[in-house]
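Coordinates from work_29.pdb are shown below (PDB, C-alpha atoms).
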```pdb
ATOM      1  CA  MET A1476     130.271 107.984  94.099
ATOM      2  CA  ASP A1477     132.585 110.443  95.838
ATOM      3  CA  GLY A1478     132.203 113.585  93.773
ATOM      4  CA  ALA A1479     129.642 115.549  91.840
ATOM      5  CA  THR A1480     130.183 116.388  88.206
ATOM      6  CA  ASP A1481     129.122 120.025  88.478
ATOM      7  CA  VAL A1482     129.561 122.924  90.864
ATOM      8  CA  SER A1483     126.091 122.535  92.351
ATOM      9  CA  ALA A1484     126.740 121.208  95.856
ATOM     10  CA  ARG A1485     124.343 118.262  95.822
ATOM     11  CA  ARG A1486     125.648 115.277  97.733
ATOM     12  CA  PRO A1487     124.926 111.868  96.164
ATOM     13  CA  LEU A1488     122.430 110.061  98.437
ATOM     14  CA  LYS A1489     120.856 106.662  97.821
ATOM     15  CA  SER A1490     117.984 107.584 100.155
ATOM     16  CA  ARG A1491     116.668 110.064  97.566
ATOM     17  CA  ALA A1492     115.513 107.109  95.471
ATOM     18  CA  THR A1493     113.382 105.607  98.249
ATOM     19  CA  ALA A1494     109.595 105.674  98.061
ATOM     20  CA  TRP A1495     109.176 107.511 101.358
ATOM     21  CA  ALA A1496     111.579 110.294 100.324
ATOM     22  CA  GLY A1497     109.707 110.795  97.058
ATOM     23  CA  TRP A1498     106.363 110.837  98.863
ATOM     24  CA  LEU A1499     107.579 113.403 101.413
ATOM     25  CA  SER A1500     109.191 115.680  98.832
ATOM     26  CA  ARG A1501     106.049 115.657  96.682
ATOM     27  CA  GLY A1502     104.017 116.565  99.740
ATOM     28  CA  LEU A1503     106.315 119.481 100.496
ATOM     29  CA  VAL A1504     106.066 120.682  96.897
ATOM     30  CA  ARG A1505     102.265 120.577  97.067
ATOM     31  CA  SER A1506     102.331 122.495 100.358
ATOM     32  CA  GLY A1507     104.164 125.365  98.675
ATOM     33  CA  VAL A1508     107.089 125.460 101.109
ATOM     34  CA  SER A1509     110.264 126.784  99.514
ATOM     35  CA  PRO A1510     113.555 124.860  99.437
ATOM     36  CA  ASN A1511     115.280 127.775 101.155
ATOM     37  CA  SER A1512     112.788 127.617 104.037
ATOM     38  CA  ILE A1513     113.548 123.931 104.483
ATOM     39  CA  SER A1514     117.269 124.744 104.556
ATOM     40  CA  VAL A1515     116.716 127.334 107.281
ATOM     41  CA  MET A1516     114.537 124.910 109.237
ATOM     42  CA  SER A1517     117.539 122.575 109.540
ATOM     43  CA  VAL A1518     119.211 125.213 111.732
ATOM     44  CA  PHE A1519     116.244 125.224 114.112
ATOM     45  CA  PHE A1520     116.463 121.449 114.497
ATOM     46  CA  ALA A1521     120.203 121.787 115.158
ATOM     47  CA  LEU A1522     119.439 124.500 117.700
ATOM     48  CA  GLY A1523     116.982 122.139 119.386
ATOM     49  CA  ALA A1524     119.750 119.547 119.726
ATOM     50  CA  GLY A1525     122.127 122.211 121.025
ATOM     51  CA  ILE A1526     119.673 123.368 123.677
ATOM     52  CA  ILE A1527     119.180 119.774 124.845
ATOM     53  CA  PHE A1528     122.952 119.295 125.095
ATOM     54  CA  LEU A1529     123.252 122.509 127.107
ATOM     55  CA  LEU A1530     120.421 121.610 129.490
ATOM     56  CA  ILE A1531     121.765 118.114 130.109
ATOM     57  CA  SER A1532     125.235 119.451 130.916
ATOM     58  CA  LYS A1533     124.182 122.453 132.996
ATOM     59  CA  SER A1534     120.874 121.607 134.697
ATOM     60  CA  GLY A1535     121.021 117.854 135.126
ATOM     61  CA  LEU A1536     118.306 117.072 132.603
ATOM     62  CA  SER A1537     117.681 113.323 132.330
ATOM     63  CA  PRO A1538     120.118 111.515 130.004
ATOM     64  CA  TRP A1539     117.089 110.137 128.181
ATOM     65  CA  TRP A1540     116.880 113.560 126.550
ATOM     66  CA  PHE A1541     119.879 112.510 124.466
ATOM     67  CA  LEU A1542     117.319 110.569 122.418
ATOM     68  CA  GLY A1543     115.571 113.868 121.712
ATOM     69  CA  ALA A1544     118.870 115.330 120.508
ATOM     70  CA  ALA A1545     119.380 112.286 118.277
ATOM     71  CA  VAL A1546     115.954 112.866 116.715
ATOM     72  CA  MET A1547     116.790 116.548 116.163
ATOM     73  CA  ILE A1548     120.051 115.634 114.423
ATOM     74  CA  GLN A1549     118.250 113.253 112.093
ATOM     75  CA  ALA A1550     115.557 115.870 111.415
ATOM     76  CA  ARG A1551     118.332 118.263 110.425
ATOM     77  CA  LEU A1552     119.629 115.691 107.931
ATOM     78  CA  LEU A1553     116.122 115.150 106.599
ATOM     79  CA  CYS A1554     115.853 118.881 105.900
ATOM     80  CA  ASN A1555     119.230 118.718 104.130
ATOM     81  CA  MET A1556     117.865 116.059 101.806
ATOM     82  CA  MET A1557     114.398 117.522 101.277
ATOM     83  CA  ASP A1558     115.557 121.020 100.335
ATOM     84  CA  GLY A1559     117.437 119.599  97.351
ATOM     85  CA  MET A1560     114.623 117.260  96.331
ATOM     86  CA  VAL A1561     112.031 120.020  96.452
ATOM     87  CA  ALA A1562     114.373 122.294  94.492
ATOM     88  CA  ILE A1563     115.459 119.820  91.803
ATOM     89  CA  GLU A1564     112.839 117.091  91.522
ATOM     90  CA  GLY A1565     110.085 119.540  92.460
ATOM     91  CA  GLY A1566     111.280 122.167  89.975
ATOM     92  CA  ARG A1567     111.533 124.941  92.566
ATOM     93  CA  LYS A1568     115.236 125.763  92.380
ATOM     94  CA  SER A1569     116.061 129.430  92.957
ATOM     95  CA  VAL A1570     119.072 131.599  92.197
ATOM     96  CA  THR A1571     119.909 131.685  95.929
ATOM     97  CA  GLY A1572     119.463 127.945  96.409
ATOM     98  CA  ASP A1573     123.148 127.022  96.494
ATOM     99  CA  LEU A1574     123.780 129.748  99.078
ATOM    100  CA  PHE A1575     120.989 128.468 101.322
ATOM    101  CA  ASN A1576     122.236 124.927 100.764
ATOM    102  CA  GLU A1577     125.616 125.744 102.305
ATOM    103  CA  VAL A1578     125.321 128.441 104.974
ATOM    104  CA  PRO A1579     122.657 126.802 107.202
ATOM    105  CA  ASP A1580     124.656 123.557 107.037
ATOM    106  CA  ARG A1581     127.737 125.202 108.489
ATOM    107  CA  ILE A1582     125.709 126.816 111.289
ATOM    108  CA  ALA A1583     124.024 123.500 112.099
ATOM    109  CA  ASP A1584     127.364 121.659 112.201
ATOM    110  CA  VAL A1585     128.806 124.115 114.702
ATOM    111  CA  ILE A1586     125.747 124.084 116.973
ATOM    112  CA  ILE A1587     125.495 120.292 117.098
ATOM    113  CA  LEU A1588     129.179 119.432 117.473
ATOM    114  CA  ALA A1589     130.087 122.220 119.886
ATOM    115  CA  GLY A1590     126.980 121.349 121.902
ATOM    116  CA  LEU A1591     127.900 117.674 121.964
ATOM    117  CA  GLY A1592     131.263 118.618 123.452
ATOM    118  CA  LEU A1593     129.509 120.012 126.523
ATOM    119  CA  ASN A1594     128.696 116.469 127.584
ATOM    120  CA  THR A1595     132.109 114.842 127.819
ATOM    121  CA  TRP A1596     133.004 114.075 131.420
ATOM    122  CA  GLN A1597     136.180 112.057 130.805
ATOM    123  CA  VAL A1598     138.290 115.192 130.437
ATOM    124  CA  PRO A1599     137.709 118.753 131.685
ATOM    125  CA  TRP A1600     138.529 120.133 128.235
ATOM    126  CA  GLY A1601     135.929 118.035 126.440
ATOM    127  CA  ILE A1602     134.181 121.165 125.191
ATOM    128  CA  HIS A1603     137.318 121.913 123.200
ATOM    129  CA  LEU A1604     136.906 118.607 121.379
ATOM    130  CA  GLY A1605     133.423 119.699 120.340
ATOM    131  CA  TRP A1606     134.671 123.024 119.026
ATOM    132  CA  LEU A1607     137.585 121.352 117.222
ATOM    133  CA  ALA A1608     135.216 118.858 115.575
ATOM    134  CA  ALA A1609     132.982 121.770 114.552
ATOM    135  CA  ALA A1610     135.880 123.785 113.143
ATOM    136  CA  LEU A1611     137.149 120.815 111.139
ATOM    137  CA  ALA A1612     133.632 120.163 109.829
ATOM    138  CA  VAL A1613     133.472 123.713 108.502
ATOM    139  CA  PHE A1614     136.996 123.368 107.095
ATOM    140  CA  THR A1615     136.125 120.185 105.180
ATOM    141  CA  ALA A1616     133.181 121.993 103.602
ATOM    142  CA  CYS A1617     135.363 124.995 102.722
ATOM    143  CA  VAL A1618     137.901 122.718 101.038
ATOM    144  CA  ARG A1619     135.111 120.997  99.092
ATOM    145  CA  MET A1620     133.688 124.324  97.900
ATOM    146  CA  GLN A1621     137.121 125.717  97.037
ATOM    147  CA  GLY A1622     137.828 122.557  95.086
ATOM    148  CA  ALA A1623     134.560 122.911  93.187
ATOM    149  CA  GLY A1624     135.470 126.464  92.263
ATOM    150  CA  LEU A1625     138.848 125.349  90.941
ATOM    151  CA  THR A1626     137.978 122.040  89.276
ATOM    152  CA  GLY A1627     134.213 122.164  88.696
ATOM    153  CA  ARG A1628     133.790 119.071  90.869
ATOM    154  CA  HIS A1629     132.714 118.638  94.502
ATOM    155  CA  GLU A1630     134.672 116.089  96.502
ATOM    156  CA  PHE A1631     132.274 114.487  98.986
ATOM    157  CA  CYS A1632     134.646 111.704 100.058
ATOM    158  CA  GLY A1633     135.001 110.733 103.711
ATOM    159  CA  PRO A1634     135.613 108.905 105.932
ATOM    160  CA  MET A1635     134.012 111.673 107.985
ATOM    161  CA  ALA A1636     131.819 113.706 105.635
ATOM    162  CA  LYS A1637     128.591 115.224 106.964
ATOM    163  CA  PRO A1638     126.452 112.034 106.859
ATOM    164  CA  GLN A1639     129.120 110.086 108.748
ATOM    165  CA  ARG A1640     129.624 112.877 111.291
ATOM    166  CA  MET A1641     125.936 113.076 112.014
ATOM    167  CA  ALA A1642     125.563 109.284 112.134
ATOM    168  CA  LEU A1643     128.350 109.137 114.722
ATOM    169  CA  ALA A1644     126.810 111.980 116.744
ATOM    170  CA  THR A1645     123.392 110.322 116.598
ATOM    171  CA  GLY A1646     124.815 106.980 117.687
ATOM    172  CA  ALA A1647     126.708 108.548 120.579
ATOM    173  CA  CYS A1648     123.530 110.281 121.763
ATOM    174  CA  ALA A1649     121.468 107.093 121.562
ATOM    175  CA  ILE A1650     124.032 105.045 123.493
ATOM    176  CA  LYS A1651     124.539 107.816 126.053
ATOM    177  CA  ALA A1652     120.791 107.861 126.727
ATOM    178  CA  VAL A1653     120.742 104.132 127.480
ATOM    179  CA  PHE A1654     124.137 103.943 129.217
ATOM    180  CA  PRO A1655     124.699 107.367 130.834
ATOM    181  CA  ALA A1656     127.372 106.195 133.272
ATOM    182  CA  GLY A1657     130.671 104.451 132.748
ATOM    183  CA  PHE A1658     132.335 104.609 129.341
ATOM    184  CA  ASP A1659     132.306 108.142 127.923
ATOM    185  CA  TRP A1660     130.732 107.528 124.514
ATOM    186  CA  VAL A1661     130.606 111.221 123.627
ATOM    187  CA  PHE A1662     134.299 111.768 124.295
ATOM    188  CA  TRP A1663     135.343 108.870 122.091
ATOM    189  CA  ALA A1664     132.811 109.706 119.388
ATOM    190  CA  LEU A1665     134.296 113.202 119.124
ATOM    191  CA  THR A1666     137.840 111.803 119.168
ATOM    192  CA  ILE A1667     137.037 109.395 116.326
ATOM    193  CA  MET A1668     135.240 112.188 114.469
ATOM    194  CA  ILE A1669     138.213 114.534 114.676
ATOM    195  CA  ALA A1670     140.607 111.846 113.441
ATOM    196  CA  GLY A1671     138.239 111.046 110.569
ATOM    197  CA  GLU A1672     137.870 114.719 109.675
ATOM    198  CA  ILE A1673     141.635 115.115 109.431
ATOM    199  CA  ILE A1674     141.808 112.118 107.087
ATOM    200  CA  THR A1675     138.882 113.537 105.104
ATOM    201  CA  LEU A1676     140.681 116.852 104.692
ATOM    202  CA  TRP A1677     143.823 115.098 103.493
ATOM    203  CA  ARG A1678     141.870 112.983 100.994
ATOM    204  CA  ARG A1679     139.913 115.929  99.615
ATOM    205  CA  LEU A1680     142.980 118.136  99.295
ATOM    206  CA  SER A1681     144.863 115.294  97.603
ATOM    207  CA  ARG A1682     142.067 114.712  95.092
ATOM    208  CA  ILE A1683     141.706 118.403  94.322
ATOM    209  CA  SER A1684     145.459 118.776  93.893
ATOM    210  CA  LYS A1685     145.539 115.759  91.570
ATOM    211  CA  SER A1686     142.667 117.167  89.497
ATOM    212  CA  LEU A1687     144.415 120.512  89.141
ATOM    213  CA  LYS A1688     147.666 118.866  88.057
ATOM    214  CA  GLU A1689     145.811 116.810  85.442
ATOM    215  CA  LYS A1690     144.017 119.812  83.935
ATOM    216  CA  PRO A1691     145.237 120.623  80.407
TER     217      PRO A1691
END
```

So, in terms of structure tokens, how does the structure I just supplied come out?
Amino acid sequence: MDGATDVSARRPLKSRATAWAGWLSRGLVRSGVSPNSISVMSVFFALGAGIIFLLISKSGLSPWWFLGAAVMIQARLLCNMMDGMVAIEGGRKSVTGDLFNEVPDRIADVIILAGLGLNTWQVPWGIHLGWLAAALAVFTACVRMQGAGLTGRHEFCGPMAKPQRMALATGACAIKAVFPAGFDWVFWALTIMIAGEIITLWRRLSRISKSLKEKP
């Protein structure tokens, strides 16, 4: 499923139906934590990843710390899933929920992807790849939201939507921790990500344009 049928920006995820996700979301509901707080927490996990990237690139921190960044990225994604589950399945949706669902995501994307760019050694301008990947990530989200405003439907299609971007970043971090020398995994991960984001933008814009042309 590539799109949502309403303007609420809730990405279709199969993992929501798993037993562990239901158990965790019910626990968060019982604890009284708000969905908006979970959304904000995702930024702190992204910031943790960003700090690790900065320390590795500037102070020679052990490459094994890339595993810590990978964990932080996945924790960010977990927050992204739990905020919606607590809000919808837990019956705690608020009038500001959609706002908190989007803004922290954009901040987290920029921190993680720009930070990842600090650790490309294959080219001296590797940091620019990180910032370009971050800018395109924000742009894909802006196109999705603009499309929802015009057509009433969110286009979540890839090939480089948020889950795929974060999976690629996580994989690059894990491989970089185990194989820190030689092939520059981060450089190529960002290169692939940027190419995928451009294709994603084209696909989303094409789908939105088609929907608008088909409207009565």

Please provide the set of residues having any atom within 9 Å of A:Ala1496, restricted to only C-alpha atoms, with same-chain residues fewer than 6 positions apart removed, written as a PDB file with C-alpha atoms, in the frame of the given file.
```pdb
ATOM      1  CA  SER A1490     117.984 107.584 100.155  1.00  0.00           C
ATOM      2  CA  MET A1556     117.865 116.059 101.806  1.00  0.00           C
ATOM      3  CA  MET A1557     114.398 117.522 101.277  1.00  0.00           C
ATOM      4  CA  MET A1560     114.623 117.260  96.331  1.00  0.00           C
TER       5      MET A1560
END
```

Nearby residues (only C-alpha atoms) at most 10 Å from stretch 1544-1546 of chain A, same-chain spacing under 5 positions excluded, as a list in words:
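Within the cut-off, the hits are Phe1520, Ala1521, Leu1522, Gly1523, Ala1524, Gly1525, Ile1526, Ile1527, Phe1528, Trp1539, Arg1551, Leu1552, Ile1587, Leu1591, Met1641, Ala1642, Ala1644, Thr1645, Gly1646, Ala1647, Cys1648, Ala1649 and Ala1652 of chain A.
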
Residues selected by the PyMOL selection byres ((chain A and resi 1563-1567) around 10), written as a PDB file with C-alpha atoms, keeping the file's coordinate frame:
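Saved to selection39.pdb:
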```pdb
ATOM      1  CA  ARG A1485     124.343 118.262  95.822  1.00  0.00           C
ATOM      2  CA  GLY A1497     109.707 110.795  97.058  1.00  0.00           C
ATOM      3  CA  SER A1500     109.191 115.680  98.832  1.00  0.00           C
ATOM      4  CA  ARG A1501     106.049 115.657  96.682  1.00  0.00           C
ATOM      5  CA  GLY A1502     104.017 116.565  99.740  1.00  0.00           C
ATOM      6  CA  LEU A1503     106.315 119.481 100.496  1.00  0.00           C
ATOM      7  CA  VAL A1504     106.066 120.682  96.897  1.00  0.00           C
ATOM      8  CA  ARG A1505     102.265 120.577  97.067  1.00  0.00           C
ATOM      9  CA  GLY A1507     104.164 125.365  98.675  1.00  0.00           C
ATOM     10  CA  VAL A1508     107.089 125.460 101.109  1.00  0.00           C
ATOM     11  CA  SER A1509     110.264 126.784  99.514  1.00  0.00           C
ATOM     12  CA  PRO A1510     113.555 124.860  99.437  1.00  0.00           C
ATOM     13  CA  ASN A1511     115.280 127.775 101.155  1.00  0.00           C
ATOM     14  CA  MET A1557     114.398 117.522 101.277  1.00  0.00           C
ATOM     15  CA  ASP A1558     115.557 121.020 100.335  1.00  0.00           C
ATOM     16  CA  GLY A1559     117.437 119.599  97.351  1.00  0.00           C
ATOM     17  CA  MET A1560     114.623 117.260  96.331  1.00  0.00           C
ATOM     18  CA  VAL A1561     112.031 120.020  96.452  1.00  0.00           C
ATOM     19  CA  ALA A1562     114.373 122.294  94.492  1.00  0.00           C
ATOM     20  CA  LYS A1568     115.236 125.763  92.380  1.00  0.00           C
ATOM     21  CA  SER A1569     116.061 129.430  92.957  1.00  0.00           C
ATOM     22  CA  GLY A1572     119.463 127.945  96.409  1.00  0.00           C
TER      23      GLY A1572
END
```

In Å, rounded to a single decimal, give me how far atom CA of A:Lys1637 is from atom CA of A:Phe1654.
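These atoms are spaced 25.3 Å apart.
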
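Checking A:Arg1628, A:Arg1679, A:Arg1640, A:Lys1651 one by one against A:Arg1486, counting only C-alpha atoms, you find the shortest gap at A:Arg1628.
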
Between atom CA of A:Ala1610 and atom CA of A:Pro1655, what is the distance in Å, rounded to a tenth?
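Separation of atom CA of A:Ala1610 and atom CA of A:Pro1655: 26.6 Å.
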
Can you list, as an mmCIF file with C-alpha atoms, in the frame of the given file, the residues that the PyMOL selection byres ((chain A and resi 1607) around 10) selects here?
```
data_model
loop_
_atom_site.group_PDB
_atom_site.id
_atom_site.type_symbol
_atom_site.label_atom_id
_atom_site.label_comp_id
_atom_site.auth_asym_id
_atom_site.auth_seq_id
_atom_site.Cartn_x
_atom_site.Cartn_y
_atom_site.Cartn_z
ATOM 1 C CA VAL A 1585 128.806 124.115 114.702
ATOM 2 C CA LEU A 1588 129.179 119.432 117.473
ATOM 3 C CA ALA A 1589 130.087 122.220 119.886
ATOM 4 C CA GLY A 1592 131.263 118.618 123.452
ATOM 5 C CA GLY A 1601 135.929 118.035 126.440
ATOM 6 C CA ILE A 1602 134.181 121.165 125.191
ATOM 7 C CA HIS A 1603 137.318 121.913 123.200
ATOM 8 C CA LEU A 1604 136.906 118.607 121.379
ATOM 9 C CA GLY A 1605 133.423 119.699 120.340
ATOM 10 C CA TRP A 1606 134.671 123.024 119.026
ATOM 11 C CA ALA A 1608 135.216 118.858 115.575
ATOM 12 C CA ALA A 1609 132.982 121.770 114.552
ATOM 13 C CA ALA A 1610 135.880 123.785 113.143
ATOM 14 C CA LEU A 1611 137.149 120.815 111.139
ATOM 15 C CA ALA A 1612 133.632 120.163 109.829
ATOM 16 C CA VAL A 1613 133.472 123.713 108.502
ATOM 17 C CA LEU A 1665 134.296 113.202 119.124
ATOM 18 C CA THR A 1666 137.840 111.803 119.168
ATOM 19 C CA MET A 1668 135.240 112.188 114.469
ATOM 20 C CA ILE A 1669 138.213 114.534 114.676
#
```

Residues proximal to (139.9, 115.6, 104.6) were defined as those with any atom within 12 Å of that point in the file's coordinates, counting only C-alpha atoms. Which are they, as an MDAnalysis selection string?
chainID A and resid 1611:1619 1622 1630:1637 1668:1683

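Compared by their closest atoms to A:Leu1529, and using all atoms listed in the file, the residues A:Asn1594, A:Thr1493, A:Thr1571, A:His1629 rank with A:Asn1594 nearest.
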
Since fewer atoms than expected are present, regenerate N, CA and C atoms for stretch 1658-1682 of chain A and write them as a tab-separated table (two decimals), keeping the file's coordinate frame.
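Contents of the output file selection-v5.tsv:
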```
chain	number	residue	atom	x	y	z
A	1658	PHE	N	131.55	104.23	130.53
A	1658	PHE	CA	132.34	104.61	129.34
A	1658	PHE	C	131.80	105.91	128.74
A	1659	ASP	N	132.71	106.84	128.46
A	1659	ASP	CA	132.31	108.14	127.92
A	1659	ASP	C	132.18	108.07	126.40
A	1660	TRP	N	130.98	107.70	125.95
A	1660	TRP	CA	130.73	107.53	124.51
A	1660	TRP	C	130.90	108.82	123.74
A	1661	VAL	N	130.52	109.94	124.33
A	1661	VAL	CA	130.61	111.22	123.63
A	1661	VAL	C	132.06	111.61	123.39
A	1662	PHE	N	132.88	111.44	124.42
A	1662	PHE	CA	134.30	111.77	124.30
A	1662	PHE	C	134.94	110.99	123.15
A	1663	TRP	N	134.71	109.69	123.12
A	1663	TRP	CA	135.34	108.87	122.09
A	1663	TRP	C	134.72	109.08	120.71
A	1664	ALA	N	133.44	109.39	120.67
A	1664	ALA	CA	132.81	109.71	119.39
A	1664	ALA	C	133.45	110.95	118.79
A	1665	LEU	N	133.67	111.97	119.61
A	1665	LEU	CA	134.30	113.20	119.12
A	1665	LEU	C	135.75	112.96	118.74
A	1666	THR	N	136.45	112.12	119.50
A	1666	THR	CA	137.84	111.80	119.17
A	1666	THR	C	137.93	111.10	117.82
A	1667	ILE	N	137.07	110.11	117.61
A	1667	ILE	CA	137.04	109.40	116.33
A	1667	ILE	C	136.66	110.35	115.20
A	1668	MET	N	135.69	111.24	115.47
A	1668	MET	CA	135.24	112.19	114.47
A	1668	MET	C	136.37	113.11	114.03
A	1669	ILE	N	137.12	113.62	114.99
A	1669	ILE	CA	138.21	114.53	114.68
A	1669	ILE	C	139.28	113.83	113.84
A	1670	ALA	N	139.62	112.61	114.23
A	1670	ALA	CA	140.61	111.85	113.44
A	1670	ALA	C	140.10	111.62	112.02
A	1671	GLY	N	138.83	111.27	111.89
A	1671	GLY	CA	138.24	111.05	110.57
A	1671	GLY	C	138.18	112.32	109.74
A	1672	GLU	N	137.92	113.45	110.40
A	1672	GLU	CA	137.87	114.72	109.68
A	1672	GLU	C	139.24	115.09	109.13
A	1673	ILE	N	140.28	114.82	109.90
A	1673	ILE	CA	141.64	115.12	109.43
A	1673	ILE	C	141.97	114.27	108.21
A	1674	ILE	N	141.59	112.99	108.25
A	1674	ILE	CA	141.81	112.12	107.09
A	1674	ILE	C	140.99	112.60	105.90
A	1675	THR	N	139.75	113.02	106.16
A	1675	THR	CA	138.88	113.54	105.10
A	1675	THR	C	139.50	114.76	104.44
A	1676	LEU	N	140.03	115.66	105.25
A	1676	LEU	CA	140.68	116.85	104.69
A	1676	LEU	C	141.85	116.46	103.80
A	1677	TRP	N	142.66	115.54	104.28
A	1677	TRP	CA	143.82	115.10	103.49
A	1677	TRP	C	143.38	114.48	102.18
A	1678	ARG	N	142.35	113.63	102.22
A	1678	ARG	CA	141.87	112.98	100.99
A	1678	ARG	C	141.29	114.00	100.01
A	1679	ARG	N	140.51	114.94	100.52
A	1679	ARG	CA	139.91	115.93	99.62
A	1679	ARG	C	140.98	116.83	99.00
A	1680	LEU	N	141.91	117.29	99.82
A	1680	LEU	CA	142.98	118.14	99.30
A	1680	LEU	C	143.82	117.38	98.28
A	1681	SER	N	144.07	116.10	98.53
A	1681	SER	CA	144.86	115.29	97.60
A	1681	SER	C	144.14	115.14	96.27
A	1682	ARG	N	142.84	114.89	96.32
A	1682	ARG	CA	142.07	114.71	95.09
A	1682	ARG	C	141.98	116.01	94.30
```
